[in-house]
Number of protein chains: 2
Amino acid sequence: MARAPSGSDRSPATITDVARAADVSIKTVSRVMNEEKRVRPETRARVLEAAQALNYRPNVMARSLAAGRPFLVGLVYNNPSIHYVNAIQVGAMKRSSELGLHIVMAEPDSAENAITDLLQLAAETRLAGLILTPPIGDAPGLIDALLQADIKLAVVAPAAARKQVAQVRMDDVRAAYEITQLLIAKGHRRIAMIKGPPSHGASHWRATGFSQALTQAGIPIDPELFATGDFSFRSALAPTEKLLRLEAPPTAIFASNDDMAAGVIATAMKLGISVPERLSVVGFDDSPIATIVWPHLTTVRQPIAEMAARALDLLVAGDGEAEAEELAFDIIERGSTATPPAFVKK
Amino acid sequence: MARAPSGSDRSPATITDVARAADVSIKTVSRVMNEEKRVRPETRARVLEAAQALNYRPNVMARSLAAGRPFLVGLVYNNPSIHYVNAIQVGAMKRSSELGLHIVMAEPDSAENAITDLLQLAAETRLAGLILTPPIGDAPGLIDALLQADIKLAVVAPAAARKQVAQVRMDDVRAAYEITQLLIAKGHRRIAMIKGPPSHGASHWRATGFSQALTQAGIPIDPELFATGDFSFRSALAPTEKLLRLEAPPTAIFASNDDMAAGVIATAMKLGISVPERLSVVGFDDSPIATIVWPHLTTVRQPIAEMAARALDLLVAGDGEAEAEELAFDIIERGSTATPPAFVKK
DNA sequence: CTGTTAGCGCCTTCAT
DNA sequence: ATGAAGGCGCTAACAG
């Protein structure tokens, strides 16, 4: 039955321990810990000292129970791009520690289970709210069910704006428009797009921006030049091969994210089509892979981490009206784009 | 002041609500929820029904407070490889939901702050324990400080075995040995290694296995052929270039992880050295990037997710004695390895 | 088999 | 400026 070694801290100190050590009531300790006004400076100092000495940290669960105030927030994701998820996590974690909240992760295994899982999570932990990241934020019925259960929500990059729900986004349409324009400015006129999955709002926006740029430049929209992937590297392989084997293949391909753009490059390489000499490629996200593939990807830097951080802010601030915020993006030009081959030029 | 819509659930039901609805005492409800024996089937049914109707979920915080039993577990990581982190998370989350625990994430910004951060997290949330993943599990003094505070620990792939702490690992030495042997079997005799950072236990093991294989094959160890990276893609670039510009460059390079192996390939490509014709490359991890780069990487599949899941098991099981477990790996041969160029053959 | 009485650690009235 | 009750939602003894 050898118990803890001599110098051990034993079980964590409680508010009672501190009160006893500082010779005050627990209420006074409570006041000090919560930075309430009505405490004489010297008393406060004494309490702080005792707390310090005992290494006291308020038990957030007891605190939450008593005050009804939450200390957990749920981060919900199911994005196939691990870079995206990672960036979301980094942004959320940074802000959460500043806000004194802890993040519990939720990765619903399917959209069907999501509602049940999240309702359970929320009921069990009485958390401050949920941050929904793409594409789970667009799962049909999810938001309504959650709102119905009185769960606060902040959605990152939702497909459709909604009142009643805080949201943070960036202008995907504009970004897609601009990066397409970059291609057009280089002389490309036959440009293909590998769209993302319909379940992501971003997929639509990026396709919209793409089409707008073409139209605006007087380039006809050719349905033959549209393909769809699921944002994973693999999903871009077959569609790219099909595009490149077209009778009139594109001189540039806009992939809806970097993973798929990497797939485009891999496929081009496999077919012996050099990038960017014979094929320009652009991606979206500026994920690590953008500078791992060769040539490096021309892409759009999304402020993913910042969006997650802002979503957290909106969640805890959320007094009533739902706020919507928009963050800026950057277009980053790298080696995967060039002027199209001469023989294609008109 | 428009309040919740008619069909709203309002605030979550409590055990009292259920007891009232089922016309029993709250203790009986408690018993049913905890699946204790002594409840008449029909009573149990009635309670279950009421709980169902009210959509009741026990408040884990209240439960934890009262029972002293935790419902949170901390997952600590600071690995630069996002694939590694992702796999760890996936494995841990899957198991945690099976165990009815929630995971709170902790990513200490520095090894120095780690102790403080984690002690605070543990004191605040009274969690079941911490899962330490590489390299944070090897931070000097961390484990002692945590143990001192009576925090249960499970360490994934620690550098050094420790009593008193549950640990899950795989045989990195053996894996490195085997994959090096694969290179040797193909005819390579001048093989370089890009080691991982000294802060990772795995770095040492993999280097050890590598050296063992060379020695065992009668190949002299040439210090010139060792370089070091930090497991990131970028960190492999300069070292690789240096290796390839050697008077007697290696015909094969063993990078301690896939990200760095991708860096090796990128550098080789930049220098016009074709892989695998003139240079064979092997990695470690079988991360997504292994099949994104071209040629695909010959690598070692680590059971990362499984290790995390097992670590969780050990954490909650942890009756007293620390257990250590070892999981199996696989060597996966892909396109990045071949026999060395003829002119190098003896 | 079921209900009663405490109390987990803390915050919220209300007093003083 | 401080303290004494009461209770958050739940489980641990003990009763019956």
# chains A, B, ... in the order shown; residues from 1 in each chain; ligands from 1

call {"tool": "residues_around", "arguments": {"residues": "segment 3-8 of chain C", "least_positions_apart": "6", "cutoff": "10 Å", "atoms": "only C-alpha atoms (C1' of nucleotides)", "output": "PyMOL selection string"}}
result
(chain A and resi 62) or (chain B and resi 24-28+62-68) or (chain D and resi 10-16)

call {"tool": "select_by_dssp", "arguments": {"residues": "segment 22-175 of chain B", "states": "strand (DSSP E or B)", "output": "number ranges by chain"}}
result
B: 72-76, 102-106, 130-132, 153-156, 166-170

call {"tool": "closest_atom_pairs", "arguments": {"of": "chain A", "to": "chain B", "cutoff": "9 Å", "atoms": "only C-alpha atoms", "output": "CSV"}}
result
residue,atom,partner,partner_atom,distance
A:Ala4,CA,B:Asp150,CA,8.0
A:Pro5,CA,B:Gln148,CA,8.0
A:Gly7,CA,B:Gln148,CA,7.7
A:Ser8,CA,B:Gln148,CA,5.2
A:Asp9,CA,B:Ala149,CA,5.2
A:Arg10,CA,B:Asp150,CA,6.4
A:Ser11,CA,B:Asp150,CA,6.9
A:Pro12,CA,B:Ala123,CA,6.3
A:Ala13,CA,B:Ala123,CA,8.7
A:Tyr56,CA,B:Ala123,CA,7.9
A:Arg57,CA,B:Glu124,CA,5.8
A:Pro58,CA,B:Glu124,CA,6.0
A:Asn59,CA,B:Glu124,CA,4.7
A:Val60,CA,B:Glu124,CA,5.3
A:Met61,CA,B:Met61,CA,5.4
A:Ala62,CA,B:Leu65,CA,6.5
A:Ser64,CA,B:Met61,CA,7.9
A:Leu65,CA,B:Ala62,CA,6.5
A:Leu72,CA,B:Val104,CA,8.8
A:Ile82,CA,B:Asn86,CA,6.9
A:His83,CA,B:Ile82,CA,7.1
A:Val85,CA,B:Asn86,CA,8.6
A:Asn86,CA,B:Ile82,CA,6.9
A:Val90,CA,B:Glu107,CA,8.6
A:Met93,CA,B:Glu107,CA,7.9
A:His102,CA,B:Val104,CA,6.5
A:Ile103,CA,B:Val104,CA,5.4
A:Val104,CA,B:Val104,CA,4.6
A:Met105,CA,B:Ile103,CA,6.3
A:Ala106,CA,B:Met93,CA,8.0
A:Glu107,CA,B:Met93,CA,7.9
A:Gln120,CA,B:Arg57,CA,6.9
A:Leu121,CA,B:His102,CA,8.6
A:Ala123,CA,B:Arg57,CA,5.9
A:Glu124,CA,B:Asn59,CA,4.7
A:Thr125,CA,B:Val60,CA,5.8
A:Arg126,CA,B:Asn59,CA,7.3
A:Leu147,CA,B:Ser8,CA,8.6
A:Gln148,CA,B:Ser8,CA,5.2
A:Ala149,CA,B:Asp9,CA,5.2
A:Asp150,CA,B:Arg10,CA,6.4
A:Phe233,CA,B:Ile292,CA,7.2
A:Arg234,CA,B:Ile292,CA,8.4
A:Asp259,CA,B:Ile292,CA,8.8
A:Ala262,CA,B:Ile292,CA,7.3
A:Gly263,CA,B:Ile292,CA,7.3
A:Ala266,CA,B:Trp294,CA,7.0
A:Met269,CA,B:Trp294,CA,8.6
A:Lys270,CA,B:Trp294,CA,8.8
A:Pro288,CA,B:Phe233,CA,8.9
A:Ile289,CA,B:Ile289,CA,8.3
A:Ile292,CA,B:Phe233,CA,7.2
A:Val293,CA,B:Val293,CA,7.0
A:Trp294,CA,B:Ala266,CA,7.0

call {"tool": "interface_residues", "arguments": {"of": "chain C", "to": "chain A", "cutoff": "8 Å", "atoms": "only C-alpha atoms (C1' of nucleotides)", "output": "PyMOL selection string"}}
result
chain C and resi 9-12

call {"tool": "select_by_dssp", "arguments": {"residues": "segment 243-273 of chain B", "states": "helix (DSSP H, G or I)", "output": "PyMOL selection string"}}
result
chain B and resi 243-244+258-270

call {"tool": "closest_atom_pairs", "arguments": {"of": "chain D", "to": "chain A", "cutoff": "7 Å", "atoms": "only C-alpha atoms (C1' of nucleotides)", "output": "JSON lines"}}
result
{"residue": "D:DA1", "atom": "C1'", "partner": "A:Arg38", "partner_atom": "CA", "distance": 6.0}
{"residue": "D:DG3", "atom": "C1'", "partner": "A:Ser25", "partner_atom": "CA", "distance": 6.5}
{"residue": "D:DC8", "atom": "C1'", "partner": "A:Ala66", "partner_atom": "CA", "distance": 4.6}

call {"tool": "write_last_selection", "arguments": {"atoms": "C-alpha atoms (C1' of nucleotides)", "output": "PDB file, in the first residue's frame"}}
result
ATOM      1  C1'  DA D   1     -16.083  44.134   3.283  1.00  0.00           C
ATOM      2  C1'  DG D   3     -19.836  35.409   6.230  1.00  0.00           C
ATOM      3  C1'  DC D   8     -26.388  23.247  -8.890  1.00  0.00           C
TER       4       DC D   8
END

call {"tool": "residues_around", "arguments": {"residues": "Trp205 of chain B", "least_positions_apart": "4", "cutoff": "8 Å", "atoms": "only C-alpha atoms (C1' of nucleotides)", "output": "list in words"}}
result
Asp172, Val173, Ala176, Gly201 and Gly209 of chain B

call {"tool": "residues_around", "arguments": {"residues": "Val168 of chain A", "least_positions_apart": "6", "cutoff": "10 Å", "atoms": "only C-alpha atoms (C1' of nucleotides)", "output": "list in words"}}
result
Thr133, Ala154, Val155, Val156, Ala157, Pro158, Ala161, Ile304, Glu306, Met307, Ala308, Ala309, Arg310, Ala311, Leu312, Leu314, Glu323, Ala324, Glu325, Glu326 and Leu327 of chain A

call {"tool": "write_last_selection", "arguments": {"atoms": "C-alpha atoms", "output": "compact mmCIF listing (two decimals), in the first residue's frame"}}
result
# COMPACT_ATOMS: atom_id res chain seq x y z
CA THR A 133 -16.53 23.70 -39.43
CA ALA A 154 -20.73 29.48 -34.52
CA VAL A 155 -20.22 28.28 -38.03
CA VAL A 156 -17.06 28.56 -40.06
CA ALA A 157 -17.52 29.07 -43.78
CA PRO A 158 -21.13 27.96 -44.02
CA ALA A 161 -25.90 32.62 -44.46
CA ILE A 304 -8.38 29.13 -41.60
CA GLU A 306 -8.11 33.00 -37.84
CA MET A 307 -11.61 31.98 -38.82
CA ALA A 308 -11.68 29.38 -36.09
CA ALA A 309 -10.41 31.87 -33.55
CA ARG A 310 -13.00 34.43 -34.54
CA ALA A 311 -15.72 31.82 -34.43
CA LEU A 312 -14.80 31.15 -30.83
CA LEU A 314 -18.40 35.12 -31.59
CA GLU A 323 -22.94 38.21 -36.21
CA ALA A 324 -21.29 37.46 -39.49
CA GLU A 325 -17.71 38.25 -40.16
CA GLU A 326 -15.55 38.09 -43.23
CA LEU A 327 -11.80 37.64 -43.27

call {"tool": "atom_distance", "arguments": {"atom1": "atom CA of Ile191 of chain B", "atom2": "atom CA of Thr251 of chain B"}}
result
6.1 Å

call {"tool": "atom_distance", "arguments": {"atom1": "atom CA of Leu225 of chain B", "atom2": "atom CA of Phe210 of chain B"}}
result
11.8 Å

call {"tool": "atom_distance", "arguments": {"atom1": "atom CA of Pro340 of chain A", "atom2": "atom CA of Val275 of chain B"}}
result
28.1 Å

call {"tool": "residues_around", "arguments": {"residues": "DT13 of chain C", "least_positions_apart": "5", "cutoff": "12 Å", "atoms": "only C-alpha atoms (C1' of nucleotides)", "output": "list in words"}}
result
DA4, DA5, DG6 and DG7 of chain D

call {"tool": "residues_around", "arguments": {"residues": "Leu243 of chain B", "least_positions_apart": "3", "cutoff": "12 Å", "atoms": "only C-alpha atoms (C1' of nucleotides)", "output": "number ranges by chain"}}
result
B: 190-194, 222-228, 236-240, 246-254, 264, 267-268, 271, 279
